file model_24.cif (mmCIF, C-alpha atoms)
data_entry
loop_
_atom_site.group_PDB
_atom_site.id
_atom_site.type_symbol
_atom_site.label_atom_id
_atom_site.label_comp_id
_atom_site.auth_asym_id
_atom_site.auth_seq_id
_atom_site.Cartn_x
_atom_site.Cartn_y
_atom_site.Cartn_z
ATOM 1 C CA MET A 24 -2.436 26.504 -13.328
ATOM 2 C CA ARG A 25 -5.456 26.058 -11.055
ATOM 3 C CA GLY A 26 -3.604 23.310 -9.174
ATOM 4 C CA LEU A 27 -0.611 25.602 -8.724
ATOM 5 C CA ILE A 28 -2.782 28.427 -7.380
ATOM 6 C CA PHE A 29 -4.544 25.998 -5.049
ATOM 7 C CA LEU A 30 -1.283 24.743 -3.601
ATOM 8 C CA PHE A 31 0.123 28.231 -3.096
ATOM 9 C CA SER A 32 -3.124 29.209 -1.369
ATOM 10 C CA PHE A 33 -2.935 26.092 0.788
ATOM 11 C CA LEU A 34 0.651 26.775 1.752
ATOM 12 C CA PHE A 35 -0.184 30.349 2.687
ATOM 13 C CA LEU A 36 -3.204 29.370 4.766
ATOM 14 C CA ALA A 37 -1.456 26.494 6.456
ATOM 15 C CA PHE A 38 1.911 28.102 7.047
ATOM 16 C CA GLY A 39 1.570 31.838 6.425
ATOM 17 C CA THR A 40 0.920 32.444 10.101
ATOM 18 C CA VAL A 41 2.344 30.144 12.736
ATOM 19 C CA SER A 42 0.396 29.315 15.864
ATOM 20 C CA ALA A 43 1.827 27.787 19.007
ATOM 21 C CA GLN A 44 0.843 24.421 17.546
ATOM 22 C CA GLU A 45 2.651 24.796 14.209
ATOM 23 C CA LEU A 46 6.280 24.496 13.253
ATOM 24 C CA GLN A 47 8.038 27.411 11.594
ATOM 25 C CA MET A 48 8.257 26.504 7.922
ATOM 26 C CA PRO A 49 11.479 26.773 5.910
ATOM 27 C CA GLN A 50 11.804 29.454 3.242
ATOM 28 C CA ILE A 51 11.187 27.901 -0.165
ATOM 29 C CA PRO A 52 13.879 28.923 -2.690
ATOM 30 C CA ASP A 53 12.578 31.299 -5.355
ATOM 31 C CA SER A 54 14.067 29.042 -8.014
ATOM 32 C CA LEU A 55 11.417 26.408 -7.247
ATOM 33 C CA ARG A 56 8.475 27.818 -9.133
ATOM 34 C CA THR A 57 6.165 24.862 -9.789
ATOM 35 C CA ALA A 58 3.765 23.427 -7.224
ATOM 36 C CA PRO A 59 5.260 19.893 -7.252
ATOM 37 C CA LEU A 60 8.783 21.211 -6.691
ATOM 38 C CA ARG A 61 7.690 23.531 -3.899
ATOM 39 C CA ALA A 62 5.683 20.769 -2.219
ATOM 40 C CA ALA A 63 8.637 18.384 -2.529
ATOM 41 C CA TYR A 64 10.942 20.935 -0.912
ATOM 42 C CA LEU A 65 8.546 21.390 2.000
ATOM 43 C CA ILE A 66 8.261 17.627 2.487
ATOM 44 C CA GLU A 67 12.046 17.379 2.629
ATOM 45 C CA HIS A 68 12.434 20.274 5.062
ATOM 46 C CA PHE A 69 9.110 20.394 6.933
ATOM 47 C CA TRP A 70 10.611 19.171 10.217
ATOM 48 C CA ASP A 71 13.896 21.125 10.045
ATOM 49 C CA ASN A 72 12.885 23.335 12.960
ATOM 50 C CA MET A 73 11.680 20.460 15.131
ATOM 51 C CA ASP A 74 13.888 19.661 18.117
ATOM 52 C CA PHE A 75 13.046 16.095 19.077
ATOM 53 C CA SER A 76 15.169 16.409 22.212
ATOM 54 C CA ASP A 77 12.542 18.880 23.461
ATOM 55 C CA THR A 78 10.586 16.387 25.543
ATOM 56 C CA VAL A 79 7.668 18.788 25.963
ATOM 57 C CA LEU A 80 6.815 19.374 22.303
ATOM 58 C CA SER A 81 8.038 16.098 20.859
ATOM 59 C CA THR A 82 5.789 14.078 23.179
ATOM 60 C CA ASP A 83 2.774 16.392 22.932
ATOM 61 C CA PRO A 84 0.146 14.465 20.889
ATOM 62 C CA GLN A 85 -1.750 17.616 19.879
ATOM 63 C CA PHE A 86 1.387 19.324 18.611
ATOM 64 C CA ILE A 87 2.687 16.286 16.711
ATOM 65 C CA GLU A 88 -0.707 15.447 15.225
ATOM 66 C CA GLN A 89 -1.380 19.015 14.062
ATOM 67 C CA ASN A 90 1.957 19.234 12.315
ATOM 68 C CA PHE A 91 1.807 15.732 10.884
ATOM 69 C CA SER A 92 -1.620 16.521 9.445
ATOM 70 C CA ASN A 93 -0.190 19.628 7.747
ATOM 71 C CA TYR A 94 2.755 17.562 6.529
ATOM 72 C CA ALA A 95 0.594 14.771 5.082
ATOM 73 C CA SER A 96 -1.605 17.312 3.307
ATOM 74 C CA LEU A 97 1.362 18.078 1.048
ATOM 75 C CA PHE A 98 1.719 14.514 -0.237
ATOM 76 C CA PRO A 99 -0.915 14.662 -3.011
ATOM 77 C CA HIS A 100 0.790 17.684 -4.581
ATOM 78 C CA THR A 101 4.041 16.024 -5.646
ATOM 79 C CA ASP A 102 5.609 12.676 -6.546
ATOM 80 C CA ILE A 103 5.990 11.152 -3.094
ATOM 81 C CA HIS A 104 7.798 8.127 -4.514
ATOM 82 C CA SER A 105 10.776 10.313 -5.377
ATOM 83 C CA VAL A 106 10.874 12.457 -2.241
ATOM 84 C CA LEU A 107 9.310 10.564 0.654
ATOM 85 C CA PRO A 108 11.580 7.497 0.994
ATOM 86 C CA ALA A 109 14.494 9.675 2.101
ATOM 87 C CA ALA A 110 12.318 12.227 3.910
ATOM 88 C CA ALA A 111 10.503 9.617 6.015
ATOM 89 C CA LYS A 112 13.745 7.854 6.875
ATOM 90 C CA THR A 113 15.403 11.124 7.907
ATOM 91 C CA LEU A 114 12.409 12.146 10.025
ATOM 92 C CA MET A 115 12.243 8.852 11.900
ATOM 93 C CA GLN A 116 15.999 8.862 12.452
ATOM 94 C CA ARG A 117 15.814 12.374 13.951
ATOM 95 C CA ALA A 118 13.081 11.195 16.320
ATOM 96 C CA GLU A 119 15.398 8.506 17.685
ATOM 97 C CA SER A 120 16.729 11.066 20.159
ATOM 98 C CA ASN A 121 13.650 10.364 22.292
ATOM 99 C CA ARG A 122 11.929 6.966 22.504
ATOM 100 C CA ASP A 123 8.581 8.403 23.591
ATOM 101 C CA ALA A 124 8.708 10.918 20.753
ATOM 102 C CA TYR A 125 9.620 8.184 18.275
ATOM 103 C CA ASN A 126 6.731 5.980 19.347
ATOM 104 C CA LEU A 127 4.306 8.911 19.218
ATOM 105 C CA LEU A 128 5.459 9.878 15.723
ATOM 106 C CA ALA A 129 5.139 6.290 14.493
ATOM 107 C CA GLN A 130 1.656 6.004 15.977
ATOM 108 C CA THR A 131 0.644 9.337 14.442
ATOM 109 C CA ALA A 132 1.803 8.194 10.999
ATOM 110 C CA ASP A 133 -0.254 5.039 11.519
ATOM 111 C CA THR A 134 -3.379 6.991 12.512
ATOM 112 C CA TYR A 135 -3.197 9.656 9.819
ATOM 113 C CA LEU A 136 -1.916 7.644 6.861
ATOM 114 C CA TYR A 137 -3.250 4.121 7.430
ATOM 115 C CA GLU A 138 -6.667 4.516 9.055
ATOM 116 C CA PRO A 139 -9.278 4.545 6.247
ATOM 117 C CA GLU A 140 -11.322 7.243 8.011
ATOM 118 C CA SER A 141 -8.429 9.719 8.036
ATOM 119 C CA PRO A 142 -8.895 12.628 5.596
ATOM 120 C CA VAL A 143 -5.196 12.351 4.653
ATOM 121 C CA ALA A 144 -5.043 8.535 4.508
ATOM 122 C CA ASN A 145 -2.362 7.493 2.034
ATOM 123 C CA GLU A 146 -1.145 3.906 2.075
ATOM 124 C CA ASN A 147 1.555 4.608 -0.519
ATOM 125 C CA ALA A 148 3.014 7.267 1.758
ATOM 126 C CA TYR A 149 2.688 5.080 4.838
ATOM 127 C CA LEU A 150 4.767 2.401 3.118
ATOM 128 C CA TYR A 151 7.867 4.608 3.380
ATOM 129 C CA PHE A 152 7.314 5.233 7.093
ATOM 130 C CA LEU A 153 6.865 1.508 7.656
ATOM 131 C CA LYS A 154 10.106 0.789 5.819
ATOM 132 C CA ALA A 155 11.944 3.417 7.877
ATOM 133 C CA ILE A 156 10.531 2.037 11.131
ATOM 134 C CA THR A 157 11.129 -1.637 10.425
ATOM 135 C CA ASP A 158 14.622 -1.010 9.006
ATOM 136 C CA SER A 159 15.629 0.650 12.289
ATOM 137 C CA GLN A 160 16.750 -1.157 15.408
ATOM 138 C CA PHE A 161 15.351 1.647 17.559
ATOM 139 C CA ILE A 162 11.683 0.610 17.667
ATOM 140 C CA ASP A 163 10.584 -1.431 20.691
ATOM 141 C CA SER A 164 10.498 -5.137 19.888
ATOM 142 C CA ALA A 165 6.854 -5.386 20.987
ATOM 143 C CA LEU A 166 5.875 -2.591 18.593
ATOM 144 C CA ARG A 167 8.071 -3.900 15.789
ATOM 145 C CA VAL A 168 5.744 -6.858 15.255
ATOM 146 C CA ARG A 169 2.799 -4.505 14.685
ATOM 147 C CA TYR A 170 4.613 -2.499 12.022
ATOM 148 C CA GLU A 171 6.078 -5.570 10.336
ATOM 149 C CA VAL A 172 2.579 -7.018 9.959
ATOM 150 C CA GLN A 173 1.333 -3.704 8.592
ATOM 151 C CA LEU A 174 4.201 -3.630 6.104
ATOM 152 C CA GLN A 175 3.238 -7.078 4.840
ATOM 153 C CA ASP A 176 -0.369 -5.914 4.408
ATOM 154 C CA VAL A 177 0.610 -2.711 2.608
ATOM 155 C CA LEU A 178 2.782 -4.647 0.169
ATOM 156 C CA LYS A 179 -0.082 -6.987 -0.763
ATOM 157 C CA ASN A 180 -1.980 -6.110 -3.943
ATOM 158 C CA ARG A 181 -0.553 -2.617 -4.205
ATOM 159 C CA PRO A 182 -2.008 -0.260 -6.828
ATOM 160 C CA GLY A 183 -0.258 -0.918 -10.127
ATOM 161 C CA THR A 184 0.230 -4.641 -9.465
ATOM 162 C CA VAL A 185 -1.946 -7.509 -10.685
ATOM 163 C CA ALA A 186 -4.210 -8.714 -7.903
ATOM 164 C CA THR A 187 -3.590 -12.100 -6.352
ATOM 165 C CA ASP A 188 -5.855 -14.581 -8.065
ATOM 166 C CA PHE A 189 -8.268 -16.788 -6.130
ATOM 167 C CA ASP A 190 -11.069 -19.252 -6.790
ATOM 168 C CA LEU A 191 -14.719 -18.210 -6.960
ATOM 169 C CA ARG A 192 -17.803 -20.379 -6.704
ATOM 170 C CA LEU A 193 -20.793 -18.481 -8.014
ATOM 171 C CA ARG A 194 -24.303 -18.572 -6.584
ATOM 172 C CA ASN A 195 -25.409 -20.929 -9.377
ATOM 173 C CA GLY A 196 -22.574 -23.346 -8.595
ATOM 174 C CA ASP A 197 -20.306 -22.426 -11.516
ATOM 175 C CA THR A 198 -16.620 -21.925 -10.740
ATOM 176 C CA THR A 199 -14.119 -19.409 -12.045
ATOM 177 C CA THR A 200 -11.297 -17.240 -10.746
ATOM 178 C CA LEU A 201 -11.040 -13.547 -9.958
ATOM 179 C CA LEU A 202 -8.731 -12.747 -12.879
ATOM 180 C CA ASN A 203 -10.869 -14.683 -15.348
ATOM 181 C CA LYS A 204 -13.930 -12.798 -14.185
ATOM 182 C CA CYS A 205 -12.156 -9.461 -14.587
ATOM 183 C CA LYS A 206 -11.532 -10.099 -18.275
ATOM 184 C CA SER A 207 -15.175 -9.511 -19.141
ATOM 185 C CA ALA A 208 -15.251 -5.805 -18.200
ATOM 186 C CA LYS A 209 -13.221 -2.596 -18.352
ATOM 187 C CA ALA A 210 -13.643 -2.028 -14.612
ATOM 188 C CA ASN A 211 -14.239 -4.405 -11.729
ATOM 189 C CA LEU A 212 -15.414 -3.373 -8.280
ATOM 190 C CA LEU A 213 -14.272 -6.160 -5.962
ATOM 191 C CA LEU A 214 -16.422 -6.076 -2.831
ATOM 192 C CA PHE A 215 -15.492 -8.263 0.137
ATOM 193 C CA TYR A 216 -18.550 -8.658 2.348
ATOM 194 C CA ASP A 217 -20.064 -10.682 5.166
ATOM 195 C CA PRO A 218 -23.736 -11.749 4.994
ATOM 196 C CA ASP A 219 -24.389 -10.570 8.567
ATOM 197 C CA CYS A 220 -22.631 -7.210 8.155
ATOM 198 C CA SER A 221 -25.079 -4.288 8.421
ATOM 199 C CA ASP A 222 -22.588 -1.859 6.852
ATOM 200 C CA CYS A 223 -22.290 -4.245 3.909
ATOM 201 C CA ALA A 224 -26.065 -4.283 3.459
ATOM 202 C CA THR A 225 -26.162 -0.478 3.577
ATOM 203 C CA LEU A 226 -23.458 -0.209 0.906
ATOM 204 C CA VAL A 227 -25.098 -2.817 -1.334
ATOM 205 C CA ASN A 228 -28.437 -0.997 -1.128
ATOM 206 C CA TYR A 229 -26.735 2.318 -1.914
ATOM 207 C CA MET A 230 -25.017 0.839 -4.971
ATOM 208 C CA LYS A 231 -28.248 -0.854 -6.126
ATOM 209 C CA ARG A 232 -29.933 2.544 -6.332
ATOM 210 C CA ASP A 233 -27.164 4.072 -8.444
ATOM 211 C CA THR A 234 -28.558 4.193 -11.973
ATOM 212 C CA SER A 235 -25.132 4.976 -13.479
ATOM 213 C CA LEU A 236 -23.720 1.767 -12.021
ATOM 214 C CA ALA A 237 -26.710 -0.178 -13.336
ATOM 215 C CA LYS A 238 -26.147 1.214 -16.846
ATOM 216 C CA ALA A 239 -22.430 0.399 -16.732
ATOM 217 C CA ILE A 240 -23.212 -3.182 -15.683
ATOM 218 C CA ALA A 241 -25.877 -3.524 -18.394
ATOM 219 C CA SER A 242 -23.420 -2.303 -21.028
ATOM 220 C CA GLY A 243 -20.907 -4.972 -20.002
ATOM 221 C CA HIS A 244 -18.293 -2.384 -19.094
ATOM 222 C CA LEU A 245 -18.484 -2.960 -15.327
ATOM 223 C CA ASN A 246 -18.476 -5.988 -13.053
ATOM 224 C CA ILE A 247 -19.357 -5.791 -9.399
ATOM 225 C CA ILE A 248 -17.804 -8.890 -7.885
ATOM 226 C CA ALA A 249 -19.222 -9.463 -4.397
ATOM 227 C CA VAL A 250 -17.158 -12.080 -2.566
ATOM 228 C CA TYR A 251 -17.835 -13.726 0.773
ATOM 229 C CA PRO A 252 -14.227 -14.619 1.658
ATOM 230 C CA GLU A 253 -14.657 -16.688 4.812
ATOM 231 C CA GLY A 254 -15.825 -19.820 3.009
ATOM 232 C CA ASP A 255 -18.735 -20.856 5.247
ATOM 233 C CA ASP A 256 -21.160 -22.599 2.872
ATOM 234 C CA THR A 257 -24.059 -22.391 5.320
ATOM 235 C CA GLN A 258 -23.614 -18.633 5.704
ATOM 236 C CA PHE A 259 -23.350 -18.204 1.962
ATOM 237 C CA ALA A 260 -26.467 -20.260 1.304
ATOM 238 C CA GLY A 261 -28.394 -18.174 3.817
ATOM 239 C CA ALA A 262 -27.363 -14.970 2.061
ATOM 240 C CA ALA A 263 -29.125 -15.841 -1.194
ATOM 241 C CA GLY A 264 -30.896 -12.794 -2.608
ATOM 242 C CA LYS A 265 -28.816 -10.222 -0.720
ATOM 243 C CA ILE A 266 -26.625 -9.499 -3.750
ATOM 244 C CA PRO A 267 -28.331 -8.126 -6.909
ATOM 245 C CA ASP A 268 -28.820 -10.576 -9.765
ATOM 246 C CA LYS A 269 -26.718 -8.525 -12.196
ATOM 247 C CA TRP A 270 -23.707 -8.622 -9.897
ATOM 248 C CA THR A 271 -21.304 -11.525 -9.455
ATOM 249 C CA ASP A 272 -22.339 -13.199 -6.194
ATOM 250 C CA ALA A 273 -19.594 -15.578 -5.087
ATOM 251 C CA ILE A 274 -17.913 -17.394 -2.233
ATOM 252 C CA ASN A 275 -14.229 -18.125 -1.938
ATOM 253 C CA PRO A 276 -14.259 -21.904 -1.371
ATOM 254 C CA GLU A 277 -12.778 -23.029 1.957
ATOM 255 C CA GLY A 278 -11.961 -19.430 2.869
ATOM 256 C CA ALA A 279 -8.524 -19.442 1.248
ATOM 257 C CA ILE A 280 -8.437 -15.624 1.088
ATOM 258 C CA ILE A 281 -8.672 -15.361 4.872
ATOM 259 C CA GLU A 282 -6.730 -18.521 5.678
ATOM 260 C CA ASN A 283 -3.770 -17.548 3.495
ATOM 261 C CA GLU A 284 -4.114 -13.777 4.080
ATOM 262 C CA LEU A 285 -4.193 -13.113 0.337
ATOM 263 C CA PHE A 286 -5.769 -9.652 0.677
ATOM 264 C CA ASN A 287 -5.738 -6.974 3.314
ATOM 265 C CA ILE A 288 -9.351 -6.933 4.556
ATOM 266 C CA PRO A 289 -9.340 -4.839 7.742
ATOM 267 C CA SER A 290 -13.142 -4.836 8.021
ATOM 268 C CA PHE A 291 -16.305 -5.484 6.051
ATOM 269 C CA PRO A 292 -17.126 -4.118 3.559
ATOM 270 C CA THR A 293 -13.773 -3.659 1.819
ATOM 271 C CA ILE A 294 -13.527 -2.463 -1.796
ATOM 272 C CA TYR A 295 -10.825 -2.779 -4.447
ATOM 273 C CA LEU A 296 -11.025 -1.471 -8.008
ATOM 274 C CA LEU A 297 -9.408 -3.602 -10.727
ATOM 275 C CA ASP A 298 -9.096 -3.225 -14.488
ATOM 276 C CA ALA A 299 -9.715 -5.885 -17.146
ATOM 277 C CA GLU A 300 -6.308 -7.458 -16.560
ATOM 278 C CA GLY A 301 -6.864 -7.558 -12.817
ATOM 279 C CA LYS A 302 -4.474 -4.698 -12.149
ATOM 280 C CA VAL A 303 -5.224 -2.952 -8.873
ATOM 281 C CA LEU A 304 -6.315 0.641 -9.429
ATOM 282 C CA LEU A 305 -7.590 1.361 -5.919
ATOM 283 C CA LYS A 306 -6.945 -0.672 -2.785
ATOM 284 C CA ASN A 307 -9.102 -0.851 0.331
ATOM 285 C CA THR A 308 -10.511 2.539 -0.513
ATOM 286 C CA ASP A 309 -13.502 4.717 0.285
ATOM 287 C CA PRO A 310 -16.515 3.213 -1.544
ATOM 288 C CA GLU A 311 -17.581 6.557 -2.994
ATOM 289 C CA VAL A 312 -14.111 7.114 -4.466
ATOM 290 C CA ALA A 313 -14.055 3.623 -5.980
ATOM 291 C CA ILE A 314 -17.569 3.942 -7.395
ATOM 292 C CA ASN A 315 -16.864 7.297 -9.027
ATOM 293 C CA LYS A 316 -13.617 6.091 -10.570
ATOM 294 C CA ALA A 317 -15.316 2.940 -11.837
ATOM 295 C CA LYS A 318 -17.975 5.075 -13.509
ATOM 296 C CA ASN A 319 -15.322 7.202 -15.219
ATOM 297 C CA LEU A 320 -13.568 4.103 -16.537
ATOM 298 C CA THR A 321 -16.757 2.826 -18.128
ATOM 299 C CA LEU A 322 -17.717 6.011 -19.987
#

call {"tool": "encode", "arguments": {"input": "model_24.cif", "output": "structure tokens"}}
result
Amino acid sequence: MRGLIFLFSFLFLAFGTVSAQELQMPQIPDSLRTAPLRAAYLIEHFWDNMDFSDTVLSTDPQFIEQNFSNYASLFPHTDIHSVLPAAAKTLMQRAESNRDAYNLLAQTADTYLYEPESPVANENAYLYFLKAITDSQFIDSALRVRYEVQLQDVLKNRPGTVATDFDLRLRNGDTTTLLNKCKSAKANLLLFYDPDCSDCATLVNYMKRDTSLAKAIASGHLNIIAVYPEGDDTQFAGAAGKIPDKWTDAINPEGAIIENELFNIPSFPTIYLLDAEGKVLLKNTDPEVAINKAKNLTL
């Protein structure tokens, strides 16, 4: 009930009054009484009043970004896997009336759904825009390559799939694999790092001070698997002591992760959350989100 009230409040605040920068929203049928159904209807019909042949509005970055942000804010409130494949395809097809508008819309989807810093980032949602874009012949050939590469990255190690396995050589010289290491704990925070990365050092120090993480590790319910994926033995040797003793401190021999593009690692640090079977629970996510979920799994 609280979720339903929240969504109705959100819809009223976002769409109850329409500014010059907001589309007129469709009237939701009274028969749709639950929050997921109402959100799904809005996702399907959000852009009904958008005229993409209007070259002023359709190519105005502020207008498109404001409305796309409102649109993306609906995604967490319904099952996007049932509604968004068709909705994203229809939206991108409508934008084909104007090449500049199409490119702006594609770029906006990229910025809002794929950039980790975006407050509405949602890789699962972005997948359906990528499929719509790459399935179309309308996109410029130069831009097509960008979105095809992104599609490949999004499809790698998606939440719900078992992570791609890879070799690990531990700090003490022992060898194992990612999936074998995962078996020893309920939750596994997989941290890709670089020894010279200052952001990595900041994150490691933050996690070291978290007493709840320390207790979960001590109980055997949590692994933190810190992996240097680039395979430089000299760099790895020089990083001794940077990773806490209770964590798994490992290198991927010969840099196979990077060489074979096994994981999407846009920058360092990058965090994945895996379960005991190596199933991906969170992919390339905000560290705070991953840490909190890992804690909940180990209670």

call {"tool": "closest_residue", "arguments": {"input": "model_24.cif", "among": "A:Asn90, A:Asn283, A:Ser164, A:Ser207", "to": "A:Thr187", "atoms": "all atoms listed in the file"}}
result
A:Asn283

call {"tool": "closest_residue", "arguments": {"input": "model_24.cif", "among": "A:Thr321, A:Asn93, A:Asn121, A:Thr184", "to": "A:Trp70", "atoms": "only C-alpha atoms"}}
result
A:Asn93

call {"tool": "closest_residue", "arguments": {"input": "model_24.cif", "among": "A:Asn228, A:Asn287, A:Ser76, A:Asn315", "to": "A:Val177", "atoms": "all atoms listed in the file"}}
result
A:Asn287

call {"tool": "residues_around", "arguments": {"input": "model_24.cif", "residues": "A:Gln173", "least_positions_apart": "4", "cutoff": "9 Å", "atoms": "all atoms listed in the file", "output": "JSON list (two decimals) with C-alpha atoms, in the frame of the given file"}}
result
[["chain", "number", "residue", "atom", "x", "y", "z"],
["A", 150, "LEU", "CA", 4.77, 2.40, 3.12],
["A", 153, "LEU", "CA", 6.86, 1.51, 7.66],
["A", 168, "VAL", "CA", 5.74, -6.86, 15.26],
["A", 169, "ARG", "CA", 2.80, -4.50, 14.68],
["A", 177, "VAL", "CA", 0.61, -2.71, 2.61],
["A", 178, "LEU", "CA", 2.78, -4.65, 0.17]]

call {"tool": "resolve_selection", "arguments": {"input": "model_24.cif", "expression": "the PyMOL selection byres ((chain A and resi 56-61) around 6)", "output": "list in words"}}
result
Leu27, Ser54, Leu55, Ala62, Ala63, Tyr64, His100 and Thr101 of chain A

call {"tool": "resolve_selection", "arguments": {"input": "model_24.cif", "expression": "the PyMOL selection byres ((chain A and resi 277) around 8)", "output": "list in words"}}
result
Glu253, Gly254, Asp255, Asn275, Pro276, Gly278 and Ala279 of chain A

call {"tool": "resolve_selection", "arguments": {"input": "model_24.cif", "expression": "the PyMOL selection byres ((chain A and resi 288) around 10)", "output": "PyMOL selection string"}}
result
chain A and resi 176+215-216+252+280-281+284-287+289-294+306-307

call {"tool": "closest_residue", "arguments": {"input": "model_24.cif", "among": "A:Asp272, A:Cys205, A:Met115, A:Leu46", "to": "A:Leu128", "atoms": "all atoms listed in the file"}}
result
A:Met115

call {"tool": "closest_residue", "arguments": {"input": "model_24.cif", "among": "A:Val312, A:Leu80, A:Ile274, A:Ala95", "to": "A:Leu136", "atoms": "all atoms listed in the file"}}
result
A:Ala95

call {"tool": "atom_distance", "arguments": {"input": "model_24.cif", "atom1": "atom CA of A:Ala208", "atom2": "atom CA of A:Ala317"}}
result
10.8 Å

call {"tool": "closest_residue", "arguments": {"input": "model_24.cif", "among": "A:Glu45, A:Glu119, A:Asp298, A:Asp158", "to": "A:Leu320", "atoms": "all atoms listed in the file"}}
result
A:Asp298

call {"tool": "residues_around", "arguments": {"input": "model_24.cif", "residues": "A:Pro218", "least_positions_apart": "3", "cutoff": "10 Å", "atoms": "all atoms listed in the file", "output": "PyMOL selection string"}}
result
chain A and resi 221+223-224+251+258-263+265-266+291

call {"tool": "write_last_selection", "arguments": {"input": "model_24.cif", "atoms": "C-alpha atoms", "output": "PDB file, in the frame of the given file"}}
result
ATOM      1  CA  SER A 221     -25.079  -4.288   8.421  1.00  0.00           C
ATOM      2  CA  CYS A 223     -22.290  -4.245   3.909  1.00  0.00           C
ATOM      3  CA  ALA A 224     -26.065  -4.283   3.459  1.00  0.00           C
ATOM      4  CA  TYR A 251     -17.835 -13.726   0.773  1.00  0.00           C
ATOM      5  CA  GLN A 258     -23.614 -18.633   5.704  1.00  0.00           C
ATOM      6  CA  PHE A 259     -23.350 -18.204   1.962  1.00  0.00           C
ATOM      7  CA  ALA A 260     -26.467 -20.260   1.304  1.00  0.00           C
ATOM      8  CA  GLY A 261     -28.394 -18.174   3.817  1.00  0.00           C
ATOM      9  CA  ALA A 262     -27.363 -14.970   2.061  1.00  0.00           C
ATOM     10  CA  ALA A 263     -29.125 -15.841  -1.194  1.00  0.00           C
ATOM     11  CA  LYS A 265     -28.816 -10.222  -0.720  1.00  0.00           C
ATOM     12  CA  ILE A 266     -26.625  -9.499  -3.750  1.00  0.00           C
ATOM     13  CA  PHE A 291     -16.305  -5.484   6.051  1.00  0.00           C
TER      14      PHE A 291
END

call {"tool": "residues_around", "arguments": {"input": "model_24.cif", "residues": "A:Thr271", "least_positions_apart": "3", "cutoff": "8 Å", "atoms": "only C-alpha atoms", "output": "list in words"}}
result
Leu193, Asn246, Ile247, Ile248, Ala249 and Asp268 of chain A

call {"tool": "atom_distance", "arguments": {"input": "model_24.cif", "atom1": "atom CA of A:Pro142", "atom2": "atom CA of A:Ala111"}}
result
19.6 Å

call {"tool": "residues_around", "arguments": {"input": "model_24.cif", "residues": "A:Phe98", "least_positions_apart": "4", "cutoff": "8 Å", "atoms": "all atoms listed in the file", "output": "PyMOL selection string"}}
result
chain A and resi 62+66+94+102-103+148

call {"tool": "write_last_selection", "arguments": {"input": "model_24.cif", "atoms": "C-alpha atoms", "output": "short mmCIF file (atom, residue, chain, number, x, y, z; two decimals), in the coordinates of the input"}}
result
data_model
loop_
_atom_site.label_atom_id
_atom_site.label_comp_id
_atom_site.auth_asym_id
_atom_site.auth_seq_id
_atom_site.Cartn_x
_atom_site.Cartn_y
_atom_site.Cartn_z
CA ALA A 62 5.68 20.77 -2.22
CA ILE A 66 8.26 17.63 2.49
CA TYR A 94 2.76 17.56 6.53
CA ASP A 102 5.61 12.68 -6.55
CA ILE A 103 5.99 11.15 -3.09
CA ALA A 148 3.01 7.27 1.76
#

call {"tool": "axis_aligned_box", "arguments": {"input": "model_24.cif", "around": "stretch 51-59 of chain A", "padding_each_side": "3 Å", "output": "JSON"}}
result
{"center_x": 8.9, "center_y": 25.6, "center_z": -5.0, "size_x": 16.3, "size_y": 17.4, "size_z": 15.6}

call {"tool": "residues_around", "arguments": {"input": "model_24.cif", "residues": "A:Trp270", "least_positions_apart": "5", "cutoff": "12 Å", "atoms": "all atoms listed in the file", "output": "ChimeraX atom specification"}}
result
/A:193-194,204,211-214,227,230-231,236-237,239-241,243,245-250,264-265

call {"tool": "write_last_selection", "arguments": {"input": "model_24.cif", "atoms": "C-alpha atoms", "output": "PDB file, in the frame of the given file"}}
result
ATOM      1  CA  LEU A 193     -20.793 -18.481  -8.014  1.00  0.00           C
ATOM      2  CA  ARG A 194     -24.303 -18.572  -6.584  1.00  0.00           C
ATOM      3  CA  LYS A 204     -13.930 -12.798 -14.185  1.00  0.00           C
ATOM      4  CA  ASN A 211     -14.239  -4.405 -11.729  1.00  0.00           C
ATOM      5  CA  LEU A 212     -15.414  -3.373  -8.280  1.00  0.00           C
ATOM      6  CA  LEU A 213     -14.272  -6.160  -5.962  1.00  0.00           C
ATOM      7  CA  LEU A 214     -16.422  -6.076  -2.831  1.00  0.00           C
ATOM      8  CA  VAL A 227     -25.098  -2.817  -1.334  1.00  0.00           C
ATOM      9  CA  MET A 230     -25.017   0.839  -4.971  1.00  0.00           C
ATOM     10  CA  LYS A 231     -28.248  -0.854  -6.126  1.00  0.00           C
ATOM     11  CA  LEU A 236     -23.720   1.767 -12.021  1.00  0.00           C
ATOM     12  CA  ALA A 237     -26.710  -0.178 -13.336  1.00  0.00           C
ATOM     13  CA  ALA A 239     -22.430   0.399 -16.732  1.00  0.00           C
ATOM     14  CA  ILE A 240     -23.212  -3.182 -15.683  1.00  0.00           C
ATOM     15  CA  ALA A 241     -25.877  -3.524 -18.394  1.00  0.00           C
ATOM     16  CA  GLY A 243     -20.907  -4.972 -20.002  1.00  0.00           C
ATOM     17  CA  LEU A 245     -18.484  -2.960 -15.327  1.00  0.00           C
ATOM     18  CA  ASN A 246     -18.476  -5.988 -13.053  1.00  0.00           C
ATOM     19  CA  ILE A 247     -19.357  -5.791  -9.399  1.00  0.00           C
ATOM     20  CA  ILE A 248     -17.804  -8.890  -7.885  1.00  0.00           C
ATOM     21  CA  ALA A 249     -19.222  -9.463  -4.397  1.00  0.00           C
ATOM     22  CA  VAL A 250     -17.158 -12.080  -2.566  1.00  0.00           C
ATOM     23  CA  GLY A 264     -30.896 -12.794  -2.608  1.00  0.00           C
ATOM     24  CA  LYS A 265     -28.816 -10.222  -0.720  1.00  0.00           C
TER      25      LYS A 265
END

call {"tool": "atom_distance", "arguments": {"input": "model_24.cif", "atom1": "atom CA of A:Cys220", "atom2": "atom CA of A:Tyr295"}}
result
17.8 Å
